[in-house]
Amino acid sequence: MIVAVGVTLWTSAALAASDLVTYLPKAQPSDFFANADRFGPPQGDPPIVPVYRGDQLQGFVYLNSDFANSVGYSGKPIHILVGIDPDGTVRGLKLVDHKEPIVLIGIPQPRIVAALNSLIGKDMKPIAQGAERPPQVDIVSGATVTVLVMSDSVVRSAVRLIRTGRIGGGSAAPAAALPPVTKTLDLGQSEIRDWASLVGDGSVRRLHLTIGEVNDAFAKSGNTAAAQNPEAGQADDTFVDLYVALASAPTIGRSLLGDDGYERLKERLQPGQQAIIIAGDGVYSFKGSAYVRGGIFDRVEILQEGSSTRFRDRNHTRLGTLAAAGAPDFREIGLFVTPPEFTLDPTQPWELQLLVQRNVGGRDKAFLTFDLDYNLPDRYLRREQRAVTVPSNAPVPATQTSVPAAQVSLPADDGEEPLWMRIWRSQPVSIAIAAIALVVLTAIFFFQNILVRRPTLYTWVRRFYLAFVLIWLGWYANAQLSVVNVVTFINALVTGFHWEFFLAAPLIFILWSASAAALLFWGRGPFCGWLCPFGALQELTNTVAKWLKVPQITVPWGLHERLWPIKYVIFLALFGLSLYSVALAETFAEVEPFKTAIILKFARSWPFVAYAGGLLFIGLFIERFFCRYLCPLGAALAIPGRIRTFEWLRRWKECGSPCQRCAKECPVQSIHPEGHINVNECIYCMHCQELYYDDQRCPHMIQVRLKREKFQAMSSPSMRAGGAGPNTIITHAGKPVPLPATARSQVLTSRSHKGDEHGQ
């Protein structure tokens with residue numbers, strides 16, 4: 001009796017530390033194992049739940065967050081129920097709870113789940129033993145961090161469970177006795193092979209989809225509109241017949257391109273670059289037409305180990321035929337070279353993801369992805385085994401065949417590097433580009449006085465930098481900061497701060513760090529005026545509007561100063577809401593159009609696109625309308641920006657009284673009529689600093705210039721010899737001529753002027 005009570009108390013304590021019993025009712029046994037009909041009682045600590053079909057054990061279900069870190073981009077754990085059989089193979093997954101903002105509103109959750117489901121059927125026992133590398137899931141563009149965290153937590157949790165010995169006959173430590181093997185692409189092996197042999201051994205991989213298969217896939221996707229607009233044709237007709245090959249492997253490249261074509265390819269390839277041949281037939285084009293308009297092939301994407309890339313027209317060479325004997329004729333063939341910022345390891349598996357789109361309305365489209373796995377056959381690889389020295393006194397791990405449930409403990413360290421480190425190592429080029437861009441911006445700010453004295457140069461430097469921020473940092477790298485980041489950071493400070501989930505997005509982390517440091521020097525200006533992709537989009541579109549003579553509206557000052565507090569009200573409302581529910585605050589953070597215009601590139605439902613487009617339309621008439629009045633992120637940065645230590649913007653004594661030129665020309669009306677610059681509203685565009693030094697537009701500098709010119713004229717020998725008066729100037733011919741009346745009045749004014757000439 002005492003033993004029974006003790007076991008009951010222990011089980012209750014174990015379950016109290018786990019959320020498994022909370023989330024298990026959200027799933028059915030059949031979600032993990034076919035025909036399973038019941039769950040058994042929880043076992044062990046952390047708990048796992050047996051799953052039965054009748055009296056036959058099918059496997060176990062556990063919660064990923066009980067075994068491994070699963071904190072996502074929101075700073076909250078992502079809870080996934082994992083079904084695993086007694087041999088250590090994943091049999092089912094169910095996403096039961098998360099707070100990820102990009103999935104709450106933005107990217108459909110079925111796309112995330114579909115990417116995660118690629119782990120189903122993977123045997124985790126070899127991974128736990130160190131004999132295989134962890135499998136890689138398909139990356140969903142715009143939700144890279146979320147998908148990587150989900151995949152990593154499922155794999156790590158399964159590995160740690162196996163190593164406890166509770167399933168799979170695992171050991172408490174990975175098998176480290178196997179000597180490491182290095183695989184490299186064998187560039188010395190080169191032969192000519194025919195099409196049948198290349199396809200037969202996997203040198204060329206194929207993805208064949210019929211019209212019926214694609215229609216069925218859209219019907220199962222849950223998109224009713226897409227299902228009701230099926231592809232025309234017979235169900236057995238070919239929708240797309242796609243072939244993929246790694247052309248940078250000498251044998252494959254020579255066979256498909258011919259000797260001359262392969263030699264030209266070798267001359268083109270830079271160190272670390274790979275070449276991929278994609279050939280397609282059927283009614284669906286893998287190229288599409290977007291590359292004609294925007295230069296990007298948006299229907300195919302290459303993925304490997306958490307990194308992905310799409311090809312642009314500069315990476316593409318059109319081929320008419322393939323040289324291999326017996327190769328069929330294809331409707332389209334492309335030779336693609338991987339961009340320098342993407343490193344494809346040819347010795348490791350990678351995937352080609354085909355995006356299939358379908359019109360579901362006037363402008364809306366539905367999307368599905370189909371994956372084609374590629375693993376270079378071993379015949380093209382060279383293996384080298386490195387010697388490993390093992391100390392004579394090193395302990396040999398013993399395999400556990402059974403462990404009493406009440407005595408189970410997780411391994412303290414699974415020996416794998418954290419996910420965030422792997423993400424940083426996978427993006428060296430992007431990190432380097434972002435760092436260089438920040439160094440350039442710092443130089444612009446520190447040497448602003450030199451740059452603004454050359455207005456034309458400064459204008460083009462600013463336009464080029466904004467274009468880079470919009471196109472590369474925003475649309476390509478998706479590094480758009482958001483008020484969600486602020487809410488997440490504050491919530492993390494309250495609930496338990498961990499660097500890991502902030503480090504999981506390298507570019508976002510770098511931008512946040514740089515923006516935080518810049519607050520000390522320049523306030524919110526560096527981010528809002530230079531590093532915000534949506535801000536860049538507003539300014540560049542307004543620049544085009546001005547070039548097209550679109551009339552600009554100047555908001556009356558009285559109305560303007562009553563409108564700019566709106567963004568502070570929005571931020572405080574979101575902050576207050578986050579104290580109640582972070583998920584709810586992230587939902588209302590859609591007041592920012594950043595996700596629509598930058599992250600998802602307007603590929604959303606029409607209300608979001610209409611909202612973002614409406615803000616940009618207003619911005620054609622009122623420059624940076626959203627930044628001025630609605631942006632909660634700008635308000636969040638302006639509040640701590642008050643602590644800035646330095647004042648870098650120069651002003652003359654006459655600024656504001658009587659001169660109003662800077663105030664009238666400020667793009668965001670951040671200069672008060674009395675001449676004071678409101679740093680909370682200033683985006684540090686430096687236009688006022690251009691005027692500060694311009695002796696053709698700034699009244700103070702005009703007076704200084706006229707005084708200087710008069711002094712030079714009065715000091716010249718010809719002036720003294722000719723007896724010119726105070727109201728004359730000397731021409732190049734040496735003759736005195738009267739000053740114009742306007743210039744004469746400016747000179748008289750400058751003579752009586754006693755103001756400060758600071759900076760001259």
# chains A, B, ... in the order shown; residues from 1 in each chain; ligands from 1
>>> residues_around(residues="Leu63 in chain A", least_positions_apart="6", cutoff="6 Å", atoms="only C-alpha atoms", output="PDB file with N, CA and C atoms, in the first residue's frame")
ATOM      1  N   LEU A  20       2.270  17.388 -21.053  1.00  0.00           N
ATOM      2  CA  LEU A  20       1.773  16.317 -21.920  1.00  0.00           C
ATOM      3  C   LEU A  20       0.294  16.057 -21.697  1.00  0.00           C
ATOM      4  N   ILE A  80       4.827  20.169 -29.694  1.00  0.00           N
ATOM      5  CA  ILE A  80       4.521  19.191 -30.738  1.00  0.00           C
ATOM      6  C   ILE A  80       4.439  17.813 -30.095  1.00  0.00           C
ATOM      7  N   LEU A  81       3.347  17.108 -30.326  1.00  0.00           N
ATOM      8  CA  LEU A  81       3.243  15.718 -29.898  1.00  0.00           C
ATOM      9  C   LEU A  81       3.914  14.841 -30.949  1.00  0.00           C
TER      10      LEU A  81
END
>>> select_by_dssp(residues="range 640-730 of chain A", states="strand (DSSP E or B)", output="MDAnalysis selection string")
chainID A and resid 655 659 671 677 728:730
>>> atom_distance(atom1="CA of Pro607 in chain A", atom2="CA of Lys365 in chain A")
14.2 Å
>>> residues_around(residues="Phe602 in chain A", least_positions_apart="5", cutoff="12 Å", atoms="only C-alpha atoms", output="ChimeraX atom specification")
/A:106-107,363-365,475,593-597,607-613
>>> write_last_selection(atoms="C-alpha atoms", output="PDB file, in the first residue's frame")
ATOM      1  CA  GLY A 106       0.834  35.347 -42.517  1.00  0.00           C
ATOM      2  CA  ILE A 107       2.084  31.961 -43.644  1.00  0.00           C
ATOM      3  CA  ARG A 363      -5.821  38.147 -58.158  1.00  0.00           C
ATOM      4  CA  ASP A 364      -5.562  35.484 -55.443  1.00  0.00           C
ATOM      5  CA  LYS A 365      -3.502  32.351 -55.884  1.00  0.00           C
ATOM      6  CA  TRP A 475      12.775  41.332 -49.952  1.00  0.00           C
ATOM      7  CA  PRO A 593       2.275  46.381 -43.110  1.00  0.00           C
ATOM      8  CA  PHE A 594       5.822  45.016 -42.914  1.00  0.00           C
ATOM      9  CA  LYS A 595       4.857  41.362 -43.101  1.00  0.00           C
ATOM     10  CA  THR A 596       2.666  41.927 -46.146  1.00  0.00           C
ATOM     11  CA  ALA A 597       4.915  44.268 -48.118  1.00  0.00           C
ATOM     12  CA  PRO A 607      -7.441  42.881 -47.210  1.00  0.00           C
ATOM     13  CA  PHE A 608      -3.788  42.860 -46.130  1.00  0.00           C
ATOM     14  CA  VAL A 609      -2.576  43.818 -49.593  1.00  0.00           C
ATOM     15  CA  ALA A 610      -5.168  46.594 -49.828  1.00  0.00           C
ATOM     16  CA  TYR A 611      -4.084  47.985 -46.467  1.00  0.00           C
ATOM     17  CA  ALA A 612      -0.382  48.012 -47.348  1.00  0.00           C
ATOM     18  CA  GLY A 613      -1.095  49.378 -50.818  1.00  0.00           C
TER      19      GLY A 613
END
>>> residues_around(residues="Pro506 in chain A", least_positions_apart="3", cutoff="10 Å", atoms="only C-alpha atoms", output="list in words")
Val145, Trp420, Met421, Ile423, Trp424, Arg425, Gln427, Pro428, Ser430, Ile431, Ala434, Ala479, Phe502, Leu503, Phe509, Ile510, Leu511 and Trp512 of chain A
>>> atom_distance(atom1="CA of Gln234 in chain A", atom2="CA of Leu209 in chain A")
12.5 Å
>>> atom_distance(atom1="CA of Ile433 in chain A", atom2="CA of Gln273 in chain A")
18.0 Å
>>> select_by_dssp(residues="range 21-126 of chain A", states="helix (DSSP H, G or I)", output="VMD selection string")
chain A and resid 21 to 26 29 to 31 64 to 67 101 to 104 109 to 119 125 to 126
>>> residues_around(residues="Lys549 in chain A", least_positions_apart="6", cutoff="12 Å", atoms="only C-alpha atoms", output="list in words")
Asn542, Thr543, Leu620 and Phe621 of chain A
>>> closest_residue(among="A:Val300, A:Ile570, A:Leu322, A:Cys627", to="Cys532 in chain A", atoms="only C-alpha atoms")
A:Cys627
>>> residues_around(residues="Phe32 in chain A", least_positions_apart="5", cutoff="8 Å", atoms="only C-alpha atoms", output="JSON, numbers by chain")
{"A": [61, 82, 83, 84, 91, 92, 93]}
